[in-house]
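I have placed the structure first, in the form of structure tokens, so that the comments after it can refer back to it.
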There are 2 protein chains.
Amino acid sequence: MEDSGSPAGATADISVGNRGTRLIAVEEAFSIPEIVEAAREQTGGRPSMSSGPIAGPLLGPLLDLGPGRIAAMDAAGIDVQVLSVSAPGVQHLRPEVATPLARLANDRVHELLSAHPTRFAGMATLPMQSPADAAAEVMRAVDELGLSGVLVNSHTEGRYLDDPRFEPVLEAIVNADVPLYLHPREPSETLAGAGIPGFTVGWAYAVEVGTHVLRMISAGVFDRFPDLRIILGHLGESLPLLLDRIDDRYRFELTAVGGAPLERTPSSYFREHVWVTTSGMNFAAPVRAVVDILGPERVLFAADHPMEDQAAAAAAFRALDLNPHERTLISHENAERVFGLAPAGAAPGHERND
Amino acid sequence: MEDSGSPAGATADISVGNRGTRLIAVEEAFSIPEIVEAAREQTGGRPSMSSGPIAGPLLGPLLDLGPGRIAAMDAAGIDVQVLSVSAPGVQHLRPEVATPLARLANDRVHELLSAHPTRFAGMATLPMQSPADAAAEVMRAVDELGLSGVLVNSHTEGRYLDDPRFEPVLEAIVNADVPLYLHPREPSETLAGAGIPGFTVGWAYAVEVGTHVLRMISAGVFDRFPDLRIILGHLGESLPLLLDRIDDRYRFELTAVGGAPLERTPSSYFREHVWVTTSGMNFAAPVRAVVDILGPERVLFAADHPMEDQAAAAAAFRALDLNPHERTLISHENAERVFGLAPAGAAPGHERND
């Protein structure tokens, strides 16, 4: 299971095999110096929640795409990281730089995958400001670069994926047969009230992405794209607990205010199209609740490196009270299936689901 | 346990006793014709989510403070309703009508309590637009009218309870030694994006009230009012599932953006000051999750009559997989304690906790 091409892997204190079940972590961040520099230029060097980590202690681990990253994975007992550019990707940058920077980031992931095919997979960063560019990049990233999914950091210039302008991107994602990871970023203006200092990540992120998914359901996006697969971090951004109530009130409310309801219940779209990950939520009671509500087939492990300590996240995950079937699914089998990753021991590389 | 003063109670098909454990439902709505009329005048007769039900099938049950209400409680096996004016109370009305209408509504509850002391308790409606009036009404409602709590429908003119203008109201609530039920209404402008048609109740309400509570924690309201008790409906408006993550990210985020964190973790305020009810959420997995996360001492039954079918809500609650200790606490003992209600068989009336 270890990558013999990784010197760090060969010298890790504890071999991955000793930790038991294969562990694939699916929301693991990196960045590239060129994106950091562009964000710095655009903000005049002032770091903010919305410009991404352009300074501070996370920058080093984010930029590390070398032996240090692999050594940290080995120390944590994480076999595979599915990589993505840290939020908000390139979605906060000027369109003319966003497109080339997205391509550059995706190329860098491709280089890393080529060097360490058993240790990494990647999700494409997309210049959502320019939907045609984003759609083209989906195809290039999957077909030419071997990436296994795309990650979108919620809104782009305040627009959500129910906006018709993004239909070409969704079409490309479905055609490429890869999942779309919907990751948080600072809320749009219309949800700014959720941005309480100290609670942006813990609360406003869930409000932003929860609203995003419900907008997609409400607008019939999943009727138009019946093969679209969405992944949400943070155990589904609080939606799993609310599904029954959302269903219960949906028809009642649309009837009261006047509106044509969808043919199906909101939760049926969620249960069919959405997978959730444990990123930032490797806590016993919430994981148990969400596994019980959605079923173990719908939950994937994630650590959220380096925003969280991946060793602590992996240890917390291993300590969860899951039965062997649930553990196998959540630790790696669901990730292999949803991202089309090769199982351990198989020939590496992205496998199309078709 | 049955109120012999209620003819309906005497003729109910199934006596309350046969249903087992005493059931107190704590988020049960009513209205009075004068409030309906004032809302109608203000909106030109057009019903909306924000003006409350001034028309439609709910209006009849809301206005019924007579034998029909008691008969429906008996049929549902609900022993006690803790009453409150349906959202948004009088908080959407012009200040000059809000204050007298709040007093009138509270007087009507007092009349009902006097007639049927074993079947009802009440929470005061407050004219939050006029904090001095609201504070005075808290004292009158508890001391003179025998009400057992107050209910505030989240924001008032876009302002939340972390606004210093409301400190006299909070002070009165603490002095009166009653709980404050924080009920949803349509989100304020700063959270308008959560208001997706069909998902206002299921989602935007949780966003609105969840944000409200976190604003109170963040602003140190519970440090200034260490005896303030808050009740949240809908199993805590999605916050219980997020508490661990909120704690985990709180210091990290305040350190990153620069800010002085509270002495304690956000969740410690929540666990000490907040009780949650099952209103609109009498579903097996969410109740199990929240009982496990907060403990059974923190959960109270509610039906949300007439927004929900109280017979269905009570039946769903009875079908939940709770152990006898949990069932006793959640069905009535927690309500007796938090609202200071007389236990079954004791002399009726509001009991001060001091």
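Naming scheme: A, B, ... for chains in displayed order of the structure tokens; residues 1 onward per chain; ligands 1 onward as shown.
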
Which residues are close to segment 79-84 of chain B, i.e. within 7 Å by only C-alpha atoms, leaving aside same-chain residues fewer than 3 positions away? Reply as a ChimeraX atom specification.
/B:16,22-30,73,119-125,151

How would the residues just picked look written out with N, CA and C atoms as a PDB file, in the first residue's frame?
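Done, and the output landed in part.pdb:
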ATOM      1  N   VAL B  16     -56.729  10.581  28.791  1.00  0.00           N
ATOM      2  CA  VAL B  16     -55.313  10.908  28.791  1.00  0.00           C
ATOM      3  C   VAL B  16     -54.523   9.855  29.547  1.00  0.00           C
ATOM      4  N   ARG B  22     -47.564  11.568  31.376  1.00  0.00           N
ATOM      5  CA  ARG B  22     -48.070  12.932  31.243  1.00  0.00           C
ATOM      6  C   ARG B  22     -47.308  13.656  30.144  1.00  0.00           C
ATOM      7  N   LEU B  23     -48.054  14.337  29.274  1.00  0.00           N
ATOM      8  CA  LEU B  23     -47.424  14.979  28.124  1.00  0.00           C
ATOM      9  C   LEU B  23     -47.708  16.480  28.152  1.00  0.00           C
ATOM     10  N   ILE B  24     -46.638  17.253  28.273  1.00  0.00           N
ATOM     11  CA  ILE B  24     -46.724  18.713  28.244  1.00  0.00           C
ATOM     12  C   ILE B  24     -46.119  19.173  26.924  1.00  0.00           C
ATOM     13  N   ALA B  25     -46.870  19.918  26.163  1.00  0.00           N
ATOM     14  CA  ALA B  25     -46.407  20.396  24.856  1.00  0.00           C
ATOM     15  C   ALA B  25     -46.114  21.886  24.986  1.00  0.00           C
ATOM     16  N   VAL B  26     -44.893  22.297  24.647  1.00  0.00           N
ATOM     17  CA  VAL B  26     -44.439  23.609  25.111  1.00  0.00           C
ATOM     18  C   VAL B  26     -44.316  24.679  24.017  1.00  0.00           C
ATOM     19  N   GLU B  27     -44.632  24.343  22.764  1.00  0.00           N
ATOM     20  CA  GLU B  27     -44.592  25.394  21.731  1.00  0.00           C
ATOM     21  C   GLU B  27     -45.904  25.332  20.964  1.00  0.00           C
ATOM     22  N   GLU B  28     -46.963  25.769  21.599  1.00  0.00           N
ATOM     23  CA  GLU B  28     -48.304  25.588  21.051  1.00  0.00           C
ATOM     24  C   GLU B  28     -48.921  26.972  20.848  1.00  0.00           C
ATOM     25  N   ALA B  29     -49.347  27.216  19.612  1.00  0.00           N
ATOM     26  CA  ALA B  29     -49.673  28.585  19.215  1.00  0.00           C
ATOM     27  C   ALA B  29     -51.160  28.902  19.317  1.00  0.00           C
ATOM     28  N   PHE B  30     -51.420  30.180  19.534  1.00  0.00           N
ATOM     29  CA  PHE B  30     -52.774  30.714  19.433  1.00  0.00           C
ATOM     30  C   PHE B  30     -52.640  32.122  18.882  1.00  0.00           C
ATOM     31  N   MET B  73     -56.698  18.545  22.219  1.00  0.00           N
ATOM     32  CA  MET B  73     -55.620  18.097  23.122  1.00  0.00           C
ATOM     33  C   MET B  73     -55.941  16.713  23.675  1.00  0.00           C
ATOM     34  N   ARG B 119     -54.697  22.540  32.492  1.00  0.00           N
ATOM     35  CA  ARG B 119     -54.522  22.180  31.078  1.00  0.00           C
ATOM     36  C   ARG B 119     -53.650  23.148  30.292  1.00  0.00           C
ATOM     37  N   PHE B 120     -53.406  24.316  30.845  1.00  0.00           N
ATOM     38  CA  PHE B 120     -52.637  25.316  30.085  1.00  0.00           C
ATOM     39  C   PHE B 120     -51.609  26.016  30.958  1.00  0.00           C
ATOM     40  N   ALA B 121     -50.527  26.420  30.300  1.00  0.00           N
ATOM     41  CA  ALA B 121     -49.617  27.417  30.859  1.00  0.00           C
ATOM     42  C   ALA B 121     -49.391  28.394  29.710  1.00  0.00           C
ATOM     43  N   GLY B 122     -48.722  29.495  30.001  1.00  0.00           N
ATOM     44  CA  GLY B 122     -48.579  30.481  28.930  1.00  0.00           C
ATOM     45  C   GLY B 122     -47.237  31.183  28.960  1.00  0.00           C
ATOM     46  N   MET B 123     -46.808  31.598  27.786  1.00  0.00           N
ATOM     47  CA  MET B 123     -45.632  32.460  27.681  1.00  0.00           C
ATOM     48  C   MET B 123     -46.093  33.833  27.202  1.00  0.00           C
ATOM     49  N   ALA B 124     -45.496  34.873  27.764  1.00  0.00           N
ATOM     50  CA  ALA B 124     -45.905  36.232  27.422  1.00  0.00           C
ATOM     51  C   ALA B 124     -45.425  36.625  26.028  1.00  0.00           C
ATOM     52  N   THR B 125     -46.287  37.349  25.322  1.00  0.00           N
ATOM     53  CA  THR B 125     -45.912  38.020  24.077  1.00  0.00           C
ATOM     54  C   THR B 125     -45.382  39.402  24.441  1.00  0.00           C
ATOM     55  N   LEU B 151     -41.911  34.481  25.142  1.00  0.00           N
ATOM     56  CA  LEU B 151     -41.476  33.985  23.839  1.00  0.00           C
ATOM     57  C   LEU B 151     -41.170  35.172  22.939  1.00  0.00           C
TER      58      LEU B 151
END

Pick out the residues sitting within 12 Å of Ile230 of chain A, and hand them over as a ChimeraX atom specification; count only C-alpha atoms, and ignore anything fewer than 6 positions along from it in its own chain.
/A:149-152,154,161,170,173-174,177-183,209,212-213,216-217,221-222,236,269-277,298-299,338-339

Go ahead and align chain A to chain B (same sequence, so just pair every C-alpha in order, least squares) and export the moved chain as a short mmCIF file (atom, residue, chain, number, x, y, z; two decimals) with C-alpha atoms, in the first residue's frame.
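What follows is the written file selection.cif:
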data_model
loop_
_atom_site.label_atom_id
_atom_site.label_comp_id
_atom_site.auth_asym_id
_atom_site.auth_seq_id
_atom_site.Cartn_x
_atom_site.Cartn_y
_atom_site.Cartn_z
CA MET A 1 -55.08 14.72 35.46
CA GLU A 2 -58.07 15.73 33.35
CA ASP A 3 -59.63 19.08 33.92
CA SER A 4 -63.13 18.46 35.19
CA GLY A 5 -64.02 21.98 34.15
CA SER A 6 -63.59 20.94 30.52
CA PRO A 7 -66.65 19.31 28.98
CA ALA A 8 -64.55 18.20 26.03
CA GLY A 9 -62.12 16.49 28.38
CA ALA A 10 -64.93 14.50 29.97
CA THR A 11 -66.13 13.13 26.63
CA ALA A 12 -62.80 12.37 24.95
CA ASP A 13 -62.72 8.89 23.41
CA ILE A 14 -59.48 7.94 25.04
CA SER A 15 -58.65 9.31 28.44
CA VAL A 16 -55.28 10.94 28.84
CA GLY A 17 -54.39 8.47 31.56
CA ASN A 18 -54.53 5.60 29.07
CA ARG A 19 -51.85 7.15 26.93
CA GLY A 20 -49.29 6.69 29.66
CA THR A 21 -46.84 9.38 30.60
CA ARG A 22 -48.07 12.92 31.22
CA LEU A 23 -47.42 14.97 28.10
CA ILE A 24 -46.73 18.71 28.22
CA ALA A 25 -46.42 20.40 24.84
CA VAL A 26 -44.45 23.61 25.09
CA GLU A 27 -44.59 25.40 21.72
CA GLU A 28 -48.32 25.59 21.03
CA ALA A 29 -49.67 28.59 19.21
CA PHE A 30 -52.78 30.73 19.43
CA SER A 31 -53.75 34.16 18.26
CA ILE A 32 -56.43 36.69 19.04
CA PRO A 33 -58.71 38.40 16.51
CA GLU A 34 -57.28 41.82 17.36
CA ILE A 35 -53.73 40.80 16.34
CA VAL A 36 -55.02 39.17 13.15
CA GLU A 37 -56.94 42.35 12.33
CA ALA A 38 -53.91 44.59 12.99
CA ALA A 39 -51.72 42.43 10.75
CA ARG A 40 -54.39 42.49 8.07
CA GLU A 41 -54.64 46.28 8.20
CA GLN A 42 -50.88 46.66 8.04
CA THR A 43 -50.44 44.35 5.03
CA GLY A 44 -53.62 45.38 3.21
CA GLY A 45 -55.03 41.91 3.81
CA ARG A 46 -52.29 40.05 1.96
CA PRO A 47 -51.07 37.09 4.02
CA SER A 48 -47.35 36.42 4.07
CA MET A 49 -44.83 34.36 5.99
CA SER A 50 -43.80 37.48 7.87
CA SER A 51 -47.24 38.73 8.82
CA GLY A 52 -48.27 35.46 10.43
CA PRO A 53 -51.34 33.44 9.52
CA ILE A 54 -54.01 36.09 9.00
CA ALA A 55 -55.93 33.80 6.66
CA GLY A 56 -56.01 30.16 5.63
CA PRO A 57 -56.86 26.93 7.35
CA LEU A 58 -54.70 27.58 10.42
CA LEU A 59 -56.62 30.65 11.47
CA GLY A 60 -59.55 28.78 13.00
CA PRO A 61 -57.45 26.51 15.24
CA LEU A 62 -55.23 29.47 16.20
CA LEU A 63 -58.16 31.56 17.38
CA ASP A 64 -59.82 28.69 19.24
CA LEU A 65 -59.23 29.16 22.95
CA GLY A 66 -62.33 27.22 23.92
CA PRO A 67 -63.62 23.65 24.13
CA GLY A 68 -62.43 22.80 20.62
CA ARG A 69 -58.81 23.30 21.65
CA ILE A 70 -59.19 21.15 24.72
CA ALA A 71 -61.00 18.42 22.80
CA ALA A 72 -58.16 18.32 20.27
CA MET A 73 -55.63 18.10 23.10
CA ASP A 74 -57.57 15.22 24.62
CA ALA A 75 -57.78 13.43 21.30
CA ALA A 76 -54.02 13.82 20.92
CA GLY A 77 -53.31 12.76 24.50
CA ILE A 78 -51.70 16.08 25.34
CA ASP A 79 -52.23 17.02 28.97
CA VAL A 80 -50.93 20.56 28.95
CA GLN A 81 -50.27 23.14 26.23
CA VAL A 82 -47.83 25.92 27.00
CA LEU A 83 -49.32 28.66 24.84
CA SER A 84 -47.73 31.45 22.84
CA VAL A 85 -48.96 33.83 20.16
CA SER A 86 -48.06 32.52 16.71
CA ALA A 87 -44.98 34.01 15.03
CA PRO A 88 -44.08 36.80 14.67
CA GLY A 89 -46.18 37.72 17.73
CA VAL A 90 -46.62 41.48 17.66
CA GLN A 91 -43.01 42.11 16.55
CA HIS A 92 -44.07 42.99 13.00
CA LEU A 93 -46.68 45.56 14.05
CA ARG A 94 -46.34 49.29 14.50
CA PRO A 95 -45.03 50.06 18.00
CA GLU A 96 -48.12 52.01 18.99
CA VAL A 97 -50.32 48.97 18.45
CA ALA A 98 -47.79 46.32 19.46
CA THR A 99 -47.76 47.24 23.15
CA PRO A 100 -51.53 47.23 23.77
CA LEU A 101 -51.97 44.10 21.64
CA ALA A 102 -49.28 42.22 23.55
CA ARG A 103 -51.02 43.11 26.79
CA LEU A 104 -54.37 42.02 25.41
CA ALA A 105 -52.98 38.66 24.24
CA ASN A 106 -51.38 38.06 27.62
CA ASP A 107 -54.66 38.94 29.36
CA ARG A 108 -56.46 36.39 27.21
CA VAL A 109 -53.99 33.69 28.21
CA HIS A 110 -54.54 34.64 31.83
CA GLU A 111 -58.30 34.16 31.40
CA LEU A 112 -57.75 30.73 29.88
CA LEU A 113 -55.33 29.71 32.64
CA SER A 114 -57.82 30.81 35.26
CA ALA A 115 -60.56 28.69 33.68
CA HIS A 116 -58.40 25.60 33.03
CA PRO A 117 -55.40 25.78 35.34
CA THR A 118 -54.41 22.13 34.85
CA ARG A 119 -54.54 22.17 31.06
CA PHE A 120 -52.65 25.30 30.07
CA ALA A 121 -49.64 27.41 30.85
CA GLY A 122 -48.58 30.47 28.91
CA MET A 123 -45.63 32.47 27.66
CA ALA A 124 -45.91 36.23 27.42
CA THR A 125 -45.91 38.02 24.08
CA LEU A 126 -43.68 41.07 24.18
CA PRO A 127 -43.68 44.36 22.24
CA MET A 128 -39.94 44.17 21.59
CA GLN A 129 -40.11 47.33 19.45
CA SER A 130 -40.42 49.20 22.77
CA PRO A 131 -37.98 47.57 25.17
CA ALA A 132 -39.21 49.50 28.21
CA ASP A 133 -42.76 48.36 27.52
CA ALA A 134 -41.54 44.82 26.92
CA ALA A 135 -39.64 44.77 30.21
CA ALA A 136 -42.66 46.07 32.10
CA GLU A 137 -44.85 43.47 30.41
CA VAL A 138 -42.55 40.65 31.49
CA MET A 139 -43.08 41.59 35.13
CA ARG A 140 -46.83 42.08 34.74
CA ALA A 141 -47.27 38.83 32.81
CA VAL A 142 -45.42 36.74 35.38
CA ASP A 143 -46.38 38.46 38.63
CA GLU A 144 -49.96 39.45 37.86
CA LEU A 145 -51.07 37.07 35.13
CA GLY A 146 -49.31 33.89 36.23
CA LEU A 147 -47.51 33.30 32.95
CA SER A 148 -44.57 30.91 33.01
CA GLY A 149 -42.19 32.29 30.41
CA VAL A 150 -41.79 34.70 27.53
CA LEU A 151 -41.48 33.98 23.83
CA VAL A 152 -39.55 36.21 21.45
CA ASN A 153 -39.76 35.67 17.69
CA SER A 154 -36.08 36.18 16.87
CA HIS A 155 -35.19 39.58 15.43
CA THR A 156 -37.21 42.76 15.89
CA GLU A 157 -36.76 45.26 13.08
CA GLY A 158 -33.54 43.39 12.23
CA ARG A 159 -32.09 43.70 15.73
CA TYR A 160 -31.07 40.71 17.84
CA LEU A 161 -30.89 40.16 21.59
CA ASP A 162 -27.20 41.00 21.66
CA ASP A 163 -28.25 44.61 21.00
CA PRO A 164 -27.82 46.62 24.22
CA ARG A 165 -31.27 48.15 23.77
CA PHE A 166 -32.77 44.82 24.82
CA GLU A 167 -30.82 44.52 28.08
CA PRO A 168 -33.75 45.78 30.20
CA VAL A 169 -35.92 43.04 28.74
CA LEU A 170 -33.35 40.34 29.50
CA GLU A 171 -32.94 41.77 32.99
CA ALA A 172 -36.69 41.58 33.56
CA ILE A 173 -36.79 37.98 32.29
CA VAL A 174 -33.99 36.95 34.66
CA ASN A 175 -35.60 38.81 37.56
CA ALA A 176 -38.92 37.14 36.84
CA ASP A 177 -37.08 33.81 36.85
CA VAL A 178 -38.76 32.53 33.70
CA PRO A 179 -37.32 31.05 30.51
CA LEU A 180 -37.08 32.86 27.18
CA TYR A 181 -38.30 30.82 24.22
CA LEU A 182 -36.49 32.03 21.11
CA HIS A 183 -38.83 31.23 18.26
CA PRO A 184 -38.13 31.64 14.52
CA ARG A 185 -39.59 34.12 12.14
CA GLU A 186 -38.59 35.09 8.61
CA PRO A 187 -34.89 35.94 8.58
CA SER A 188 -33.67 39.50 8.86
CA GLU A 189 -32.35 41.28 5.75
CA THR A 190 -28.81 40.12 6.52
CA LEU A 191 -29.89 36.48 6.20
CA ALA A 192 -32.43 36.93 3.42
CA GLY A 193 -30.52 34.56 1.15
CA ALA A 194 -31.65 31.62 3.29
CA GLY A 195 -35.27 32.34 2.37
CA ILE A 196 -35.67 29.89 -0.51
CA PRO A 197 -39.36 29.42 -1.40
CA GLY A 198 -40.58 26.21 0.19
CA PHE A 199 -37.61 26.05 2.57
CA THR A 200 -38.26 29.06 4.80
CA VAL A 201 -39.58 27.04 7.73
CA GLY A 202 -37.34 24.00 7.24
CA TRP A 203 -34.10 25.93 6.66
CA ALA A 204 -34.22 29.72 6.96
CA TYR A 205 -35.86 29.53 10.39
CA ALA A 206 -32.93 27.45 11.65
CA VAL A 207 -30.44 29.86 10.09
CA GLU A 208 -32.19 32.84 11.67
CA VAL A 209 -32.44 31.44 15.20
CA GLY A 210 -29.10 29.63 15.09
CA THR A 211 -27.43 32.89 14.15
CA HIS A 212 -29.35 34.68 16.90
CA VAL A 213 -28.12 32.35 19.64
CA LEU A 214 -24.53 32.45 18.42
CA ARG A 215 -24.67 36.26 18.36
CA MET A 216 -25.78 36.18 21.99
CA ILE A 217 -22.98 33.79 22.94
CA SER A 218 -20.42 35.79 20.97
CA ALA A 219 -21.46 39.10 22.54
CA GLY A 220 -21.16 37.76 26.07
CA VAL A 221 -24.89 38.02 26.85
CA PHE A 222 -24.65 34.91 29.04
CA ASP A 223 -21.72 36.37 30.94
CA ARG A 224 -23.84 39.42 31.74
CA PHE A 225 -26.94 37.31 32.49
CA PRO A 226 -25.65 34.09 34.05
CA ASP A 227 -29.17 33.05 35.06
CA LEU A 228 -30.73 33.50 31.61
CA ARG A 229 -32.46 30.35 30.36
CA ILE A 230 -33.16 29.99 26.63
CA ILE A 231 -35.46 27.47 24.96
CA LEU A 232 -35.07 26.71 21.27
CA GLY A 233 -37.57 24.82 19.18
CA HIS A 234 -36.91 22.35 16.37
CA LEU A 235 -34.27 20.44 18.33
CA GLY A 236 -32.03 23.45 18.70
CA GLU A 237 -32.18 24.82 15.15
CA SER A 238 -29.36 22.53 13.95
CA LEU A 239 -26.82 23.81 16.49
CA PRO A 240 -26.41 20.65 18.64
CA LEU A 241 -24.83 18.75 15.76
CA LEU A 242 -22.36 21.57 15.17
CA LEU A 243 -21.22 22.29 18.75
CA ASP A 244 -17.98 20.32 18.63
CA ARG A 245 -16.95 21.93 15.35
CA ILE A 246 -17.95 25.38 16.53
CA ASP A 247 -15.73 24.97 19.59
CA ASP A 248 -12.92 23.50 17.52
CA ARG A 249 -12.85 26.40 15.08
CA TYR A 250 -13.69 29.24 17.45
CA ARG A 251 -10.30 30.02 18.98
CA PHE A 252 -8.50 29.07 15.80
CA GLU A 253 -10.54 31.57 13.82
CA LEU A 254 -10.48 34.42 16.31
CA THR A 255 -6.73 34.01 16.61
CA ALA A 256 -6.40 34.14 12.82
CA VAL A 257 -8.53 37.24 12.25
CA GLY A 258 -7.56 38.93 15.52
CA GLY A 259 -10.11 39.11 18.30
CA ALA A 260 -10.41 38.41 22.00
CA PRO A 261 -12.14 35.07 22.52
CA LEU A 262 -14.60 34.45 25.32
CA GLU A 263 -13.19 32.80 28.41
CA ARG A 264 -15.27 29.69 27.84
CA THR A 265 -16.02 27.57 24.81
CA PRO A 266 -19.15 28.50 22.84
CA SER A 267 -20.66 25.07 23.53
CA SER A 268 -20.33 25.51 27.29
CA TYR A 269 -22.72 28.47 27.11
CA PHE A 270 -25.08 26.48 24.94
CA ARG A 271 -25.02 23.46 27.26
CA GLU A 272 -25.56 25.58 30.35
CA HIS A 273 -28.16 28.06 29.12
CA VAL A 274 -30.13 26.33 26.36
CA TRP A 275 -32.93 23.76 26.39
CA VAL A 276 -34.38 22.47 23.12
CA THR A 277 -37.79 21.17 22.16
CA THR A 278 -38.97 18.60 19.65
CA SER A 279 -41.38 20.98 17.90
CA GLY A 280 -41.65 20.02 14.25
CA MET A 281 -38.91 17.44 14.82
CA ASN A 282 -40.56 14.41 16.36
CA PHE A 283 -38.45 12.17 14.14
CA ALA A 284 -36.50 9.20 15.48
CA ALA A 285 -32.94 9.82 14.33
CA PRO A 286 -32.74 13.56 15.03
CA VAL A 287 -34.28 13.19 18.51
CA ARG A 288 -31.90 10.33 19.32
CA ALA A 289 -28.92 12.38 18.13
CA VAL A 290 -29.86 15.48 20.11
CA VAL A 291 -30.70 13.54 23.27
CA ASP A 292 -27.29 11.86 23.00
CA ILE A 293 -25.50 15.16 22.38
CA LEU A 294 -27.22 17.42 24.92
CA GLY A 295 -28.51 14.85 27.40
CA PRO A 296 -32.18 14.05 28.12
CA GLU A 297 -32.35 16.79 30.76
CA ARG A 298 -32.16 19.36 27.98
CA VAL A 299 -34.95 18.19 25.67
CA LEU A 300 -38.67 19.02 25.99
CA PHE A 301 -41.60 17.74 23.96
CA ALA A 302 -43.49 20.19 21.76
CA ALA A 303 -46.02 19.62 18.99
CA ASP A 304 -46.19 23.05 17.34
CA HIS A 305 -49.98 23.11 17.14
CA PRO A 306 -51.57 24.05 14.78
CA MET A 307 -48.62 24.37 12.37
CA GLU A 308 -48.19 20.63 12.89
CA ASP A 309 -50.89 18.05 13.62
CA GLN A 310 -50.53 17.69 17.38
CA ALA A 311 -52.06 14.20 17.41
CA ALA A 312 -49.49 13.03 14.86
CA ALA A 313 -46.69 14.78 16.75
CA ALA A 314 -47.72 13.19 20.06
CA ALA A 315 -48.05 9.76 18.44
CA ALA A 316 -44.64 10.14 16.79
CA PHE A 317 -43.13 11.19 20.10
CA ARG A 318 -44.68 8.18 21.89
CA ALA A 319 -43.24 5.88 19.24
CA LEU A 320 -39.68 7.14 19.80
CA ASP A 321 -37.15 4.71 21.20
CA LEU A 322 -36.51 6.43 24.53
CA ASN A 323 -35.77 4.72 27.82
CA PRO A 324 -38.22 5.37 30.71
CA HIS A 325 -35.93 7.96 32.32
CA GLU A 326 -35.55 9.90 29.07
CA ARG A 327 -39.28 9.65 28.34
CA THR A 328 -40.25 10.98 31.75
CA LEU A 329 -37.88 13.91 31.48
CA ILE A 330 -38.74 14.86 27.91
CA SER A 331 -42.50 14.33 28.13
CA HIS A 332 -43.07 16.48 31.23
CA GLU A 333 -40.46 16.67 33.98
CA ASN A 334 -38.13 19.00 32.12
CA ALA A 335 -41.05 21.26 31.22
CA GLU A 336 -42.22 21.32 34.84
CA ARG A 337 -38.72 22.28 35.92
CA VAL A 338 -37.87 24.84 33.24
CA PHE A 339 -41.23 26.60 33.31
CA GLY A 340 -41.81 26.08 37.02
CA LEU A 341 -45.08 24.23 36.39
CA ALA A 342 -46.92 22.30 39.05
CA PRO A 343 -46.54 18.51 38.69
CA ALA A 344 -49.71 16.52 38.01
CA GLY A 345 -51.84 16.33 41.12
CA ALA A 346 -50.20 19.32 42.78
CA ALA A 347 -51.90 22.64 43.29
CA PRO A 348 -51.96 24.40 39.91
CA GLY A 349 -50.20 27.60 39.06
CA HIS A 350 -46.79 28.96 38.28
CA GLU A 351 -44.13 28.10 40.79
CA ARG A 352 -41.17 30.38 41.11
CA ASN A 353 -37.87 28.58 40.98
CA ASP A 354 -36.41 30.71 43.72
#

From the DSSP assignment of the backbone, select every residue of segment 145-308 of chain B that is strand (DSSP E or B), and format the answer as number ranges by chain.
B: 149-153, 156, 159, 180-183, 230-232, 274-277, 299-300
